[in-house]
file query11.txt (compact mmCIF, C-alpha atoms and all ligand atoms)
# COMPACT_ATOMS: atom_id res chain seq x y z
CA MET A 1 155.70 -45.68 -7.10
CA THR A 2 157.31 -49.10 -6.98
CA ALA A 3 157.39 -51.53 -9.89
CA THR A 4 154.78 -53.66 -8.16
CA ASP A 5 152.23 -50.87 -8.60
CA ALA A 6 152.76 -50.85 -12.34
CA PRO A 7 153.22 -54.42 -13.57
CA LEU A 8 153.01 -53.62 -17.26
CA ARG A 9 155.43 -50.72 -17.25
CA GLN A 10 158.93 -51.77 -18.25
CA PRO A 11 161.37 -48.87 -18.11
CA LYS A 12 164.21 -48.91 -20.62
CA ILE A 13 167.03 -50.91 -19.10
CA GLU A 14 170.33 -49.08 -19.34
CA TRP A 15 173.72 -49.60 -17.70
CA GLN A 16 174.23 -47.49 -14.61
CA ILE A 17 176.62 -47.20 -11.70
CA GLY A 18 175.75 -48.40 -8.22
CA ARG A 19 177.86 -47.41 -5.24
CA VAL A 20 178.63 -50.22 -2.77
CA GLN A 21 177.19 -49.15 0.59
CA ALA A 22 177.93 -52.29 2.59
CA ILE A 23 179.13 -55.87 2.24
CA VAL A 24 177.74 -58.48 4.62
CA ALA A 25 179.19 -61.97 5.12
CA GLU A 26 176.20 -64.34 5.10
CA THR A 27 178.02 -67.70 5.20
CA SER A 28 181.61 -68.80 4.55
CA ARG A 29 180.89 -68.87 0.78
CA VAL A 30 178.27 -66.16 0.42
CA LYS A 31 178.20 -62.38 0.82
CA SER A 32 175.51 -59.77 0.32
CA ILE A 33 176.44 -56.61 -1.55
CA ILE A 34 174.28 -53.60 -0.76
CA LEU A 35 174.18 -51.12 -3.61
CA TRP A 36 172.98 -47.57 -3.90
CA PRO A 37 171.70 -47.25 -7.50
CA SER A 38 172.15 -43.93 -9.28
CA ARG A 39 168.57 -44.22 -10.58
CA TRP A 40 165.93 -46.81 -9.80
CA SER A 41 162.22 -46.87 -10.52
CA GLY A 42 161.46 -50.00 -8.49
CA HIS A 43 161.41 -53.72 -9.13
CA TRP A 44 159.31 -56.80 -8.69
CA PRO A 45 160.40 -59.42 -6.16
CA GLY A 46 162.03 -62.16 -8.24
CA GLN A 47 163.72 -59.88 -10.79
CA HIS A 48 167.47 -59.73 -11.31
CA VAL A 49 170.18 -57.34 -12.48
CA ASP A 50 173.16 -57.87 -14.76
CA ILE A 51 176.59 -56.90 -13.42
CA ARG A 52 179.33 -55.90 -15.85
CA LEU A 53 183.01 -55.91 -14.90
CA THR A 54 185.54 -54.21 -17.18
CA ALA A 55 189.26 -54.99 -16.97
CA GLU A 56 191.97 -52.42 -17.66
CA ASP A 57 192.49 -53.88 -21.15
CA GLY A 58 188.79 -53.43 -21.92
CA TYR A 59 187.79 -57.09 -21.47
CA GLN A 60 184.27 -57.32 -20.06
CA ALA A 61 182.38 -60.05 -18.20
CA GLU A 62 178.66 -59.96 -17.42
CA ARG A 63 176.69 -62.10 -14.97
CA SER A 64 173.15 -61.99 -13.60
CA TYR A 65 172.33 -61.65 -9.89
CA SER A 66 168.86 -61.75 -8.37
CA ILE A 67 167.71 -58.87 -6.22
CA ALA A 68 167.25 -60.06 -2.63
CA SER A 69 165.83 -56.82 -1.28
CA PRO A 70 162.12 -56.00 -1.48
CA PRO A 71 160.76 -53.13 -3.60
CA GLU A 72 160.01 -51.28 -0.37
CA GLU A 73 163.78 -50.58 0.05
CA GLN A 74 165.80 -47.93 -1.80
CA LEU A 75 169.03 -49.91 -1.60
CA LEU A 76 169.50 -53.06 -3.69
CA THR A 77 170.83 -56.21 -2.07
CA LEU A 78 172.56 -58.83 -4.21
CA THR A 79 173.67 -62.07 -2.58
CA VAL A 80 176.57 -63.81 -4.28
CA GLU A 81 177.99 -67.29 -3.76
CA ARG A 82 181.59 -68.08 -4.60
CA VAL A 83 182.00 -70.32 -7.64
CA GLU A 84 185.57 -71.63 -7.42
CA ASP A 85 187.56 -70.58 -10.50
CA GLY A 86 184.71 -68.33 -11.56
CA GLU A 87 185.42 -65.10 -13.40
CA VAL A 88 183.02 -62.76 -11.63
CA SER A 89 181.90 -64.16 -8.24
CA PRO A 90 185.43 -64.35 -6.68
CA TYR A 91 185.98 -60.71 -7.67
CA LEU A 92 182.68 -59.67 -6.03
CA LEU A 93 183.51 -61.61 -2.87
CA ASP A 94 187.24 -60.89 -2.51
CA GLU A 95 188.07 -57.65 -4.30
CA LEU A 96 184.99 -55.43 -4.15
CA ARG A 97 185.06 -52.85 -1.33
CA VAL A 98 182.58 -50.47 0.28
CA GLY A 99 182.59 -47.22 -1.73
CA ASP A 100 183.47 -48.95 -5.03
CA ALA A 101 181.40 -48.30 -8.13
CA LEU A 102 179.73 -51.30 -9.76
CA GLU A 103 178.24 -51.21 -13.24
CA PHE A 104 174.85 -52.88 -13.53
CA ARG A 105 171.53 -52.79 -15.36
CA GLY A 106 168.03 -53.84 -14.39
CA PRO A 107 165.54 -54.77 -13.20
CA ILE A 108 165.26 -57.73 -15.59
CA GLY A 109 162.75 -60.59 -15.81
CA ARG A 110 159.00 -60.71 -16.14
CA HIS A 111 158.10 -64.35 -15.56
CA PHE A 112 159.68 -65.23 -12.22
CA ILE A 113 158.02 -62.47 -10.22
CA TRP A 114 155.51 -62.24 -7.40
CA SER A 115 153.91 -59.51 -5.36
CA GLN A 116 151.15 -59.65 -2.79
CA THR A 117 148.82 -58.14 -5.40
CA LEU A 118 149.08 -61.45 -7.30
CA GLY A 119 147.76 -63.43 -4.32
CA GLY A 120 148.51 -67.00 -3.29
CA PRO A 121 149.09 -69.41 -1.81
CA ILE A 122 152.73 -69.55 -2.85
CA CYS A 123 155.19 -72.37 -2.38
CA LEU A 124 158.83 -71.36 -2.74
CA VAL A 125 161.49 -74.02 -3.26
CA ALA A 126 165.14 -72.95 -3.00
CA GLY A 127 168.34 -74.82 -3.73
CA GLY A 128 171.40 -73.07 -2.22
CA THR A 129 171.70 -69.44 -3.30
CA GLY A 130 168.47 -69.94 -5.24
CA ILE A 131 166.97 -68.49 -2.05
CA THR A 132 167.91 -64.98 -3.26
CA PRO A 133 164.90 -64.01 -5.43
CA LEU A 134 162.59 -65.96 -3.08
CA MET A 135 163.91 -63.87 -0.19
CA ALA A 136 162.85 -60.72 -2.04
CA MET A 137 159.34 -62.24 -2.26
CA LEU A 138 159.27 -63.13 1.46
CA ARG A 139 160.68 -59.75 2.50
CA HIS A 140 158.08 -58.02 0.36
CA ARG A 141 155.31 -60.21 1.80
CA ASN A 142 156.54 -59.33 5.29
CA ARG A 143 156.97 -55.61 4.64
CA SER A 144 153.53 -55.33 3.05
CA HIS A 145 151.98 -57.13 6.08
CA SER A 146 150.47 -59.73 3.79
CA TYR A 147 148.89 -62.83 5.30
CA ILE A 148 148.93 -64.73 2.02
CA PRO A 149 149.75 -68.36 2.91
CA ALA A 150 153.34 -69.13 1.95
CA SER A 151 155.65 -72.07 2.33
CA LEU A 152 159.42 -72.13 1.87
CA ILE A 153 161.25 -75.40 1.32
CA TYR A 154 164.96 -74.59 1.41
CA SER A 155 167.60 -77.14 0.48
CA ALA A 156 171.15 -76.41 1.70
CA ARG A 157 174.25 -78.49 2.31
CA SER A 158 174.24 -77.79 6.06
CA LEU A 159 172.71 -75.39 8.56
CA ALA A 160 175.87 -73.25 8.25
CA ASP A 161 175.12 -72.89 4.53
CA VAL A 162 171.58 -71.59 5.07
CA VAL A 163 171.69 -67.97 3.89
CA TYR A 164 169.53 -65.46 5.86
CA ARG A 165 168.81 -68.16 8.47
CA ASP A 166 168.21 -65.82 11.44
CA GLU A 167 165.94 -63.57 9.40
CA LEU A 168 163.98 -66.52 7.99
CA ASP A 169 163.55 -68.14 11.41
CA THR A 170 162.40 -64.83 12.90
CA MET A 171 159.96 -64.25 10.05
CA ALA A 172 158.48 -67.75 10.40
CA ARG A 173 158.19 -67.53 14.21
CA GLY A 174 156.12 -64.38 14.00
CA ASP A 175 153.84 -65.49 11.16
CA ARG A 176 151.56 -68.51 11.32
CA ASN A 177 150.79 -68.23 7.61
CA LEU A 178 154.44 -68.75 6.74
CA HIS A 179 155.70 -72.31 6.84
CA LEU A 180 159.47 -72.90 6.70
CA VAL A 181 161.34 -76.17 6.30
CA TYR A 182 165.03 -76.86 5.70
CA ALA A 183 166.35 -79.92 3.89
CA LEU A 184 170.00 -80.53 4.73
CA THR A 185 171.77 -82.58 2.09
CA ARG A 186 175.29 -83.14 3.49
CA GLU A 187 175.66 -82.37 7.21
CA HIS A 188 173.17 -81.96 10.00
CA PRO A 189 173.45 -81.50 13.76
CA SER A 190 173.22 -84.78 15.72
CA ASP A 191 169.89 -83.67 17.22
CA TRP A 192 168.47 -82.54 13.85
CA ASN A 193 164.76 -83.40 13.60
CA GLY A 194 164.29 -81.85 10.18
CA HIS A 195 164.62 -83.37 6.74
CA ARG A 196 167.90 -85.12 5.85
CA GLY A 197 168.86 -85.47 2.20
CA ARG A 198 167.47 -84.06 -1.00
CA VAL A 199 164.00 -82.64 -1.45
CA ASN A 200 161.70 -85.49 -2.41
CA GLU A 201 158.02 -85.93 -3.25
CA VAL A 202 157.03 -86.68 0.33
CA LEU A 203 158.67 -83.49 1.58
CA LEU A 204 156.94 -81.49 -1.16
CA VAL A 205 153.52 -82.96 -0.37
CA GLU A 206 153.90 -82.50 3.38
CA ASN A 207 155.14 -78.91 3.21
CA SER A 208 153.31 -77.47 0.24
CA PHE A 209 149.61 -76.96 -0.43
CA THR A 210 147.01 -79.27 -1.91
CA ARG A 211 146.15 -79.22 -5.62
CA GLU A 212 142.72 -77.85 -4.65
CA GLN A 213 144.37 -74.83 -3.02
CA ASN A 214 145.90 -74.02 -6.41
CA PRO A 215 149.32 -72.85 -5.25
CA THR A 216 151.83 -71.06 -7.45
CA PHE A 217 155.33 -72.55 -7.18
CA PHE A 218 158.55 -70.58 -7.50
CA ILE A 219 161.59 -72.83 -7.79
CA CYS A 220 165.12 -71.44 -7.95
CA GLY A 221 168.58 -72.99 -7.76
CA PRO A 222 171.03 -75.00 -9.83
CA THR A 223 169.60 -76.30 -13.12
CA GLY A 224 169.45 -79.96 -12.04
CA PHE A 225 167.68 -79.06 -8.79
CA VAL A 226 165.06 -76.93 -10.55
CA GLU A 227 164.35 -79.60 -13.17
CA SER A 228 164.05 -82.35 -10.60
CA ILE A 229 161.61 -80.40 -8.37
CA SER A 230 159.51 -79.30 -11.38
CA SER A 231 159.22 -82.90 -12.61
CA MET A 232 158.14 -84.09 -9.16
CA LEU A 233 155.45 -81.39 -8.93
CA VAL A 234 154.07 -82.24 -12.37
CA LYS A 235 154.06 -85.94 -11.42
CA LEU A 236 152.17 -85.02 -8.24
CA GLY A 237 149.47 -83.48 -10.43
CA PHE A 238 150.15 -79.76 -9.95
CA ASP A 239 149.36 -77.44 -12.84
CA PRO A 240 152.54 -77.00 -14.93
CA LEU A 241 151.46 -73.44 -15.71
CA ALA A 242 151.61 -72.64 -11.99
CA ILE A 243 155.24 -73.75 -11.74
CA ARG A 244 157.69 -70.87 -12.27
CA THR A 245 161.39 -71.58 -12.45
CA GLU A 246 164.71 -69.71 -12.40
CA ARG A 247 167.96 -71.55 -13.09
CA PHE A 248 171.26 -70.23 -11.70
CA GLY A 249 173.94 -72.71 -12.66
CA PRO A 250 175.23 -74.20 -15.88
CA ILE A 251 173.13 -76.86 -17.64
CA GLY A 252 173.45 -80.20 -15.90
CA ALA A 253 174.54 -78.64 -12.57
C1 LIG A 301 168.75 -65.00 -13.63
C2 LIG A 301 169.95 -65.39 -12.83
C3 LIG A 301 170.08 -64.98 -11.51
C4 LIG A 301 171.19 -65.33 -10.76
N1 LIG A 301 171.26 -64.93 -9.45
C5 LIG A 301 172.33 -65.29 -8.71
C6 LIG A 301 172.39 -64.91 -7.33
O1 LIG A 301 171.49 -64.24 -6.79
N2 LIG A 301 173.49 -65.30 -6.62
C7 LIG A 301 174.51 -66.04 -7.18
O2 LIG A 301 175.48 -66.35 -6.47
N3 LIG A 301 174.46 -66.42 -8.47
C8 LIG A 301 173.41 -66.05 -9.25
N4 LIG A 301 173.36 -66.43 -10.57
C9 LIG A 301 174.54 -67.11 -11.16
C10 LIG A 301 175.55 -66.04 -11.62
O3 LIG A 301 175.01 -65.33 -12.73
C11 LIG A 301 176.88 -66.62 -12.09
O4 LIG A 301 176.63 -67.64 -13.02
C12 LIG A 301 177.72 -67.18 -10.95
O5 LIG A 301 178.01 -66.16 -10.00
C13 LIG A 301 179.04 -67.76 -11.49
O6 LIG A 301 179.73 -66.75 -12.19
P1 LIG A 301 181.33 -66.76 -12.23
O7 LIG A 301 181.72 -65.75 -13.25
O8 LIG A 301 181.91 -66.66 -10.87
O9 LIG A 301 181.67 -68.22 -12.76
P2 LIG A 301 181.96 -68.61 -14.30
O10 LIG A 301 183.28 -68.05 -14.72
O11 LIG A 301 180.75 -68.25 -15.11
O12 LIG A 301 182.02 -70.18 -14.19
C14 LIG A 301 183.17 -70.90 -13.71
C15 LIG A 301 182.87 -72.39 -13.71
O13 LIG A 301 181.82 -72.67 -12.76
C16 LIG A 301 180.67 -73.21 -13.41
N5 LIG A 301 179.53 -72.50 -12.83
C17 LIG A 301 179.01 -71.32 -13.24
N6 LIG A 301 177.97 -70.95 -12.45
C18 LIG A 301 177.85 -71.91 -11.53
C19 LIG A 301 176.98 -72.10 -10.44
N7 LIG A 301 176.00 -71.21 -10.14
N8 LIG A 301 177.14 -73.23 -9.69
C20 LIG A 301 178.12 -74.11 -9.96
N9 LIG A 301 178.98 -73.98 -10.99
C21 LIG A 301 178.84 -72.90 -11.76
C22 LIG A 301 180.85 -72.91 -14.88
O14 LIG A 301 180.24 -73.89 -15.70
C23 LIG A 301 182.34 -72.91 -15.03
O15 LIG A 301 182.82 -74.24 -15.17
C24 LIG A 301 172.23 -66.11 -11.34
C25 LIG A 301 172.11 -66.53 -12.67
C26 LIG A 301 170.99 -66.19 -13.39
C27 LIG A 301 170.90 -66.68 -14.83
call {"tool": "encode", "arguments": {"input": "query11.txt", "output": "structure tokens"}}
result
Amino acid sequence: MTATDAPLRQPKIEWQIGRVQAIVAETSRVKSIILWPSRWSGHWPGQHVDIRLTAEDGYQAERSYSIASPPEEQLLTLTVERVEDGEVSPYLLDELRVGDALEFRGPIGRHFIWSQTLGGPICLVAGGTGITPLMAMLRHRNRSHSYIPASLIYSARSLADVVYRDELDTMARGDRNLHLVYALTREHPSDWNGHRGRVNEVLLVENSFTREQNPTFFICGPTGFVESISSMLVKLGFDPLAIRTERFGPIGA
């Protein structure tokens, strides 16, 4: 049974060891870490885990990472972006090797979750690595052959910074109920016909659903991004209770 079959069951969350099965370079600043958990009773798309690193002198650092893999998979995928001068992310990107043991606990989070049993339509809005939990939702939607209407608005610095781009493009090409749009904030190809600059109200209106369709929004990314998109949606008249948010960065980022 996966977690999505039993929404109200919350197993006790204890620290465990995951073995690193693979590490995949996604972009120049982002890698996916594929973990084999020692025990796992399933998760909801949108949930995260906590990672705990322990130094030789006993000093510990903990950080949260969203699960990018769908509940249909046994292995857990975490996708980590380098934060320059960060304590944990440079270790995960530069030092961690296949075969290493990684201490983690999860799944965590009960608000920012979606499964096809909850229905739609859903509008997902990602800023940078905020795509991670939204990717778990899209992978789950795809793996469960759901035709629930979905839209992804993904803001990245450039096309080279779009994480999972090939997979997203392939998913969208084969699925007329999935709408995908990129907003490139810093660099774009000279022949780029897509959106240039930050996500704005026009982009949201044109690529989301109408108020009458009653969409649920899932917004994830740096704090400033999430707050700005949420405010726009409320201003556009969408139900604040249908706007779910997950903030990755420090306040004000
Ligand atoms: C629920 C949840 C899920 C998350 N999921 C992911 C995920 O899937 N992938 C992922 O890469 N990160 C994710 N994060 C962020 C992650 O937990 C860490 O905050 C991030 O990796 C930075 O940790 P660090 O130890 O490298 O940097 P730190 O040592 O914590 O920070 C170093 C400096 O960078 C600043 N900083 C910290 N985080 C960020 C940031 N995100 N952007 C810009 N500046 C920052 C700090 O203020 C500080 O000045 C998630 C956070 C939460 C709360």
call {"tool": "closest_atom_pairs", "arguments": {"input": "query11.txt", "of": "chain A", "to": "ligand LIG 301 (chain A)", "cutoff": "10 Å", "atoms": "only C-alpha atoms and all ligand atoms", "output": "CSV"}}
result
residue,atom,partner,partner_atom,distance
A:Arg29,CA,A:LIG301,O2,9.4
A:Val30,CA,A:LIG301,O2,7.4
A:Lys31,CA,A:LIG301,O2,8.7
A:Ser32,CA,A:LIG301,N2,9.1
A:Gly46,CA,A:LIG301,C1,9.1
A:Gln47,CA,A:LIG301,C1,7.7
A:His48,CA,A:LIG301,C3,5.9
A:Val49,CA,A:LIG301,C3,7.7
A:Asp50,CA,A:LIG301,O3,7.9
A:Ile51,CA,A:LIG301,O3,8.6
A:Ala61,CA,A:LIG301,O7,7.6
A:Glu62,CA,A:LIG301,O7,7.8
A:Arg63,CA,A:LIG301,O3,4.3
A:Ser64,CA,A:LIG301,O3,3.9
A:Tyr65,CA,A:LIG301,N1,3.5
A:Ser66,CA,A:LIG301,O1,4.0
A:Ile67,CA,A:LIG301,O1,6.6
A:Ala68,CA,A:LIG301,O1,7.3
A:Thr77,CA,A:LIG301,O1,9.3
A:Leu78,CA,A:LIG301,O1,6.1
A:Thr79,CA,A:LIG301,N2,5.2
A:Val80,CA,A:LIG301,O2,3.5
A:Glu81,CA,A:LIG301,O2,3.8
A:Arg82,CA,A:LIG301,O8,6.4
A:Val83,CA,A:LIG301,O8,4.9
A:Glu84,CA,A:LIG301,O13,6.6
A:Asp85,CA,A:LIG301,C14,5.4
A:Gly86,CA,A:LIG301,O9,3.3
A:Glu87,CA,A:LIG301,O7,3.8
A:Val88,CA,A:LIG301,O7,3.6
A:Ser89,CA,A:LIG301,O8,3.6
A:Pro90,CA,A:LIG301,O8,5.9
A:Tyr91,CA,A:LIG301,O8,7.9
A:Leu92,CA,A:LIG301,O8,8.5
A:Leu93,CA,A:LIG301,O8,9.6
A:Ile108,CA,A:LIG301,C1,8.3
A:Gly109,CA,A:LIG301,C1,7.8
A:Phe112,CA,A:LIG301,C1,9.2
A:Gly128,CA,A:LIG301,O2,8.9
A:Thr129,CA,A:LIG301,N2,5.6
A:Gly130,CA,A:LIG301,O1,6.6
A:Ile131,CA,A:LIG301,O1,7.8
A:Thr132,CA,A:LIG301,O1,5.1
A:Pro133,CA,A:LIG301,O1,6.7
A:Leu134,CA,A:LIG301,O1,9.8
A:Cys220,CA,A:LIG301,C3,8.9
A:Gly221,CA,A:LIG301,N7,8.0
A:Pro222,CA,A:LIG301,N7,6.3
A:Thr223,CA,A:LIG301,N7,8.7
A:Thr245,CA,A:LIG301,C1,9.9
A:Glu246,CA,A:LIG301,C1,6.3
A:Arg247,CA,A:LIG301,C27,5.9
A:Phe248,CA,A:LIG301,C25,3.9
A:Gly249,CA,A:LIG301,N7,3.6
A:Pro250,CA,A:LIG301,O14,5.0
A:Ile251,CA,A:LIG301,O14,7.9
A:Gly252,CA,A:LIG301,O14,9.3
A:Ala253,CA,A:LIG301,C20,6.3
call {"tool": "atom_distance", "arguments": {"input": "query11.txt", "atom1": "CA of Gly99 in chain A", "atom2": "CA of Met135 in chain A"}}
result
25.1 Å
call {"tool": "residues_around", "arguments": {"input": "query11.txt", "residues": "Gly194 in chain A", "least_positions_apart": "3", "cutoff": "10 Å", "atoms": "all atoms listed in the file", "output": "list of chain:residue names"}}
result
A:Val181, A:Tyr182, A:Ala183, A:Leu184, A:His188, A:Pro189, A:Asp191, A:Gly197
call {"tool": "closest_residue", "arguments": {"input": "query11.txt", "among": "A:Glu206, A:Glu72, A:Asp175, A:Asp161", "to": "Ser28 in chain A", "atoms": "all atoms listed in the file"}}
result
A:Asp161
call {"tool": "residues_around", "arguments": {"input": "query11.txt", "residues": "Thr210 in chain A", "least_positions_apart": "5", "cutoff": "9 Å", "atoms": "all atoms listed in the file", "output": "list in words"}}
result
Val205, Pro215 and Phe238 of chain A
call {"tool": "atom_distance", "arguments": {"input": "query11.txt", "atom1": "CA of Tyr164 in chain A", "atom2": "CA of Pro70 in chain A"}}
result
14.1 Å
call {"tool": "closest_residue", "arguments": {"input": "query11.txt", "among": "A:Gln116, A:Asn193, A:Thr27, A:Ser38", "to": "Glu14 in chain A", "atoms": "all atoms listed in the file"}}
result
A:Ser38
call {"tool": "closest_residue", "arguments": {"input": "query11.txt", "among": "A:Ser41, A:Thr185, A:Asn207, A:Gln213", "to": "Gly106 in chain A", "atoms": "only C-alpha atoms"}}
result
A:Ser41
call {"tool": "closest_residue", "arguments": {"input": "query11.txt", "among": "A:Lys12, A:Arg211, A:Arg97, A:Arg198", "to": "Leu233 in chain A", "atoms": "only C-alpha atoms"}}
result
A:Arg211
call {"tool": "closest_residue", "arguments": {"input": "query11.txt", "among": "A:Asn200, A:Ser228, A:Ser151, A:Thr170", "to": "Cys123 in chain A", "atoms": "only C-alpha atoms"}}
result
A:Ser151
call {"tool": "build_atoms", "arguments": {"input": "query11.txt", "residues": "range 209-218 of chain A", "atoms": "all heavy atoms", "output": "mmCIF file, keeping the file's coordinate frame"}}
result
data_model
loop_
_atom_site.group_PDB
_atom_site.id
_atom_site.type_symbol
_atom_site.label_atom_id
_atom_site.label_comp_id
_atom_site.auth_asym_id
_atom_site.auth_seq_id
_atom_site.Cartn_x
_atom_site.Cartn_y
_atom_site.Cartn_z
ATOM 1 N N PHE A 209 151.059 -77.122 -0.551
ATOM 2 C CA PHE A 209 149.610 -76.960 -0.430
ATOM 3 C C PHE A 209 148.981 -78.074 -1.252
ATOM 4 O O PHE A 209 149.657 -78.758 -2.017
ATOM 5 C CB PHE A 209 149.207 -75.580 -0.963
ATOM 6 C CG PHE A 209 149.838 -74.457 -0.180
ATOM 7 C CD1 PHE A 209 151.064 -73.919 -0.568
ATOM 8 C CD2 PHE A 209 149.236 -73.960 0.957
ATOM 9 C CE1 PHE A 209 151.665 -72.901 0.160
ATOM 10 C CE2 PHE A 209 149.832 -72.932 1.695
ATOM 11 C CZ PHE A 209 151.046 -72.407 1.297
ATOM 12 N N THR A 210 147.673 -78.225 -1.114
ATOM 13 C CA THR A 210 147.010 -79.270 -1.910
ATOM 14 C C THR A 210 146.735 -78.733 -3.320
ATOM 15 O O THR A 210 146.752 -77.511 -3.542
ATOM 16 C CB THR A 210 145.670 -79.664 -1.272
ATOM 17 O OG1 THR A 210 144.815 -78.499 -1.299
ATOM 18 C CG2 THR A 210 145.855 -80.144 0.156
ATOM 19 N N ARG A 211 146.469 -79.647 -4.249
ATOM 20 C CA ARG A 211 146.150 -79.220 -5.620
ATOM 21 C C ARG A 211 144.916 -78.318 -5.624
ATOM 22 O O ARG A 211 144.824 -77.361 -6.380
ATOM 23 C CB ARG A 211 145.879 -80.447 -6.503
ATOM 24 C CG ARG A 211 147.151 -81.023 -7.075
ATOM 25 C CD ARG A 211 146.879 -82.295 -7.787
ATOM 26 N NE ARG A 211 146.511 -83.345 -6.845
ATOM 27 C CZ ARG A 211 146.229 -84.587 -7.164
ATOM 28 N NH1 ARG A 211 146.231 -84.949 -8.428
ATOM 29 N NH2 ARG A 211 145.924 -85.481 -6.261
ATOM 30 N N GLU A 212 143.964 -78.625 -4.719
ATOM 31 C CA GLU A 212 142.720 -77.850 -4.650
ATOM 32 C C GLU A 212 142.980 -76.407 -4.218
ATOM 33 O O GLU A 212 142.238 -75.494 -4.573
ATOM 34 C CB GLU A 212 141.733 -78.506 -3.667
ATOM 35 C CG GLU A 212 141.187 -79.853 -4.115
ATOM 36 C CD GLU A 212 142.227 -80.962 -4.155
ATOM 37 O OE1 GLU A 212 143.161 -80.957 -3.337
ATOM 38 O OE2 GLU A 212 142.108 -81.827 -5.061
ATOM 39 N N GLN A 213 144.049 -76.197 -3.471
ATOM 40 C CA GLN A 213 144.370 -74.830 -3.020
ATOM 41 C C GLN A 213 145.015 -74.008 -4.136
ATOM 42 O O GLN A 213 145.204 -72.803 -3.995
ATOM 43 C CB GLN A 213 145.295 -74.867 -1.798
ATOM 44 C CG GLN A 213 144.587 -75.325 -0.533
ATOM 45 C CD GLN A 213 145.584 -75.522 0.599
ATOM 46 O OE1 GLN A 213 146.457 -76.384 0.544
ATOM 47 N NE2 GLN A 213 145.455 -74.727 1.639
ATOM 48 N N ASN A 214 145.395 -74.704 -5.215
ATOM 49 C CA ASN A 214 145.900 -74.020 -6.410
ATOM 50 C C ASN A 214 147.127 -73.124 -6.156
ATOM 51 O O ASN A 214 147.129 -71.947 -6.523
ATOM 52 C CB ASN A 214 144.762 -73.159 -6.961
ATOM 53 C CG ASN A 214 144.714 -73.256 -8.454
ATOM 54 O OD1 ASN A 214 145.494 -73.993 -9.041
ATOM 55 N ND2 ASN A 214 143.841 -72.485 -9.066
ATOM 56 N N PRO A 215 148.156 -73.692 -5.545
ATOM 57 C CA PRO A 215 149.320 -72.850 -5.250
ATOM 58 C C PRO A 215 150.115 -72.492 -6.500
ATOM 59 O O PRO A 215 150.075 -73.217 -7.499
ATOM 60 C CB PRO A 215 150.179 -73.748 -4.344
ATOM 61 C CG PRO A 215 149.826 -75.138 -4.764
ATOM 62 C CD PRO A 215 148.375 -75.096 -5.163
ATOM 63 N N THR A 216 150.833 -71.372 -6.422
ATOM 64 C CA THR A 216 151.830 -71.060 -7.450
ATOM 65 C C THR A 216 153.189 -71.422 -6.851
ATOM 66 O O THR A 216 153.484 -71.070 -5.703
ATOM 67 C CB THR A 216 151.818 -69.564 -7.806
ATOM 68 O OG1 THR A 216 150.508 -69.225 -8.246
ATOM 69 C CG2 THR A 216 152.808 -69.256 -8.924
ATOM 70 N N PHE A 217 153.995 -72.144 -7.623
ATOM 71 C CA PHE A 217 155.330 -72.550 -7.180
ATOM 72 C C PHE A 217 156.386 -71.650 -7.800
ATOM 73 O O PHE A 217 156.303 -71.312 -8.989
ATOM 74 C CB PHE A 217 155.613 -74.002 -7.594
ATOM 75 C CG PHE A 217 154.789 -74.999 -6.853
ATOM 76 C CD1 PHE A 217 153.538 -75.384 -7.330
ATOM 77 C CD2 PHE A 217 155.245 -75.564 -5.669
ATOM 78 C CE1 PHE A 217 152.760 -76.297 -6.647
ATOM 79 C CE2 PHE A 217 154.472 -76.481 -4.977
ATOM 80 C CZ PHE A 217 153.224 -76.844 -5.467
ATOM 81 N N PHE A 218 157.377 -71.291 -7.000
ATOM 82 C CA PHE A 218 158.550 -70.580 -7.500
ATOM 83 C C PHE A 218 159.766 -71.408 -7.086
ATOM 84 O O PHE A 218 160.022 -71.577 -5.886
ATOM 85 C CB PHE A 218 158.634 -69.174 -6.905
ATOM 86 C CG PHE A 218 157.552 -68.260 -7.405
ATOM 87 C CD1 PHE A 218 156.329 -68.194 -6.750
ATOM 88 C CD2 PHE A 218 157.750 -67.485 -8.542
ATOM 89 C CE1 PHE A 218 155.316 -67.363 -7.214
ATOM 90 C CE2 PHE A 218 156.740 -66.649 -9.013
ATOM 91 C CZ PHE A 218 155.519 -66.595 -8.352
#
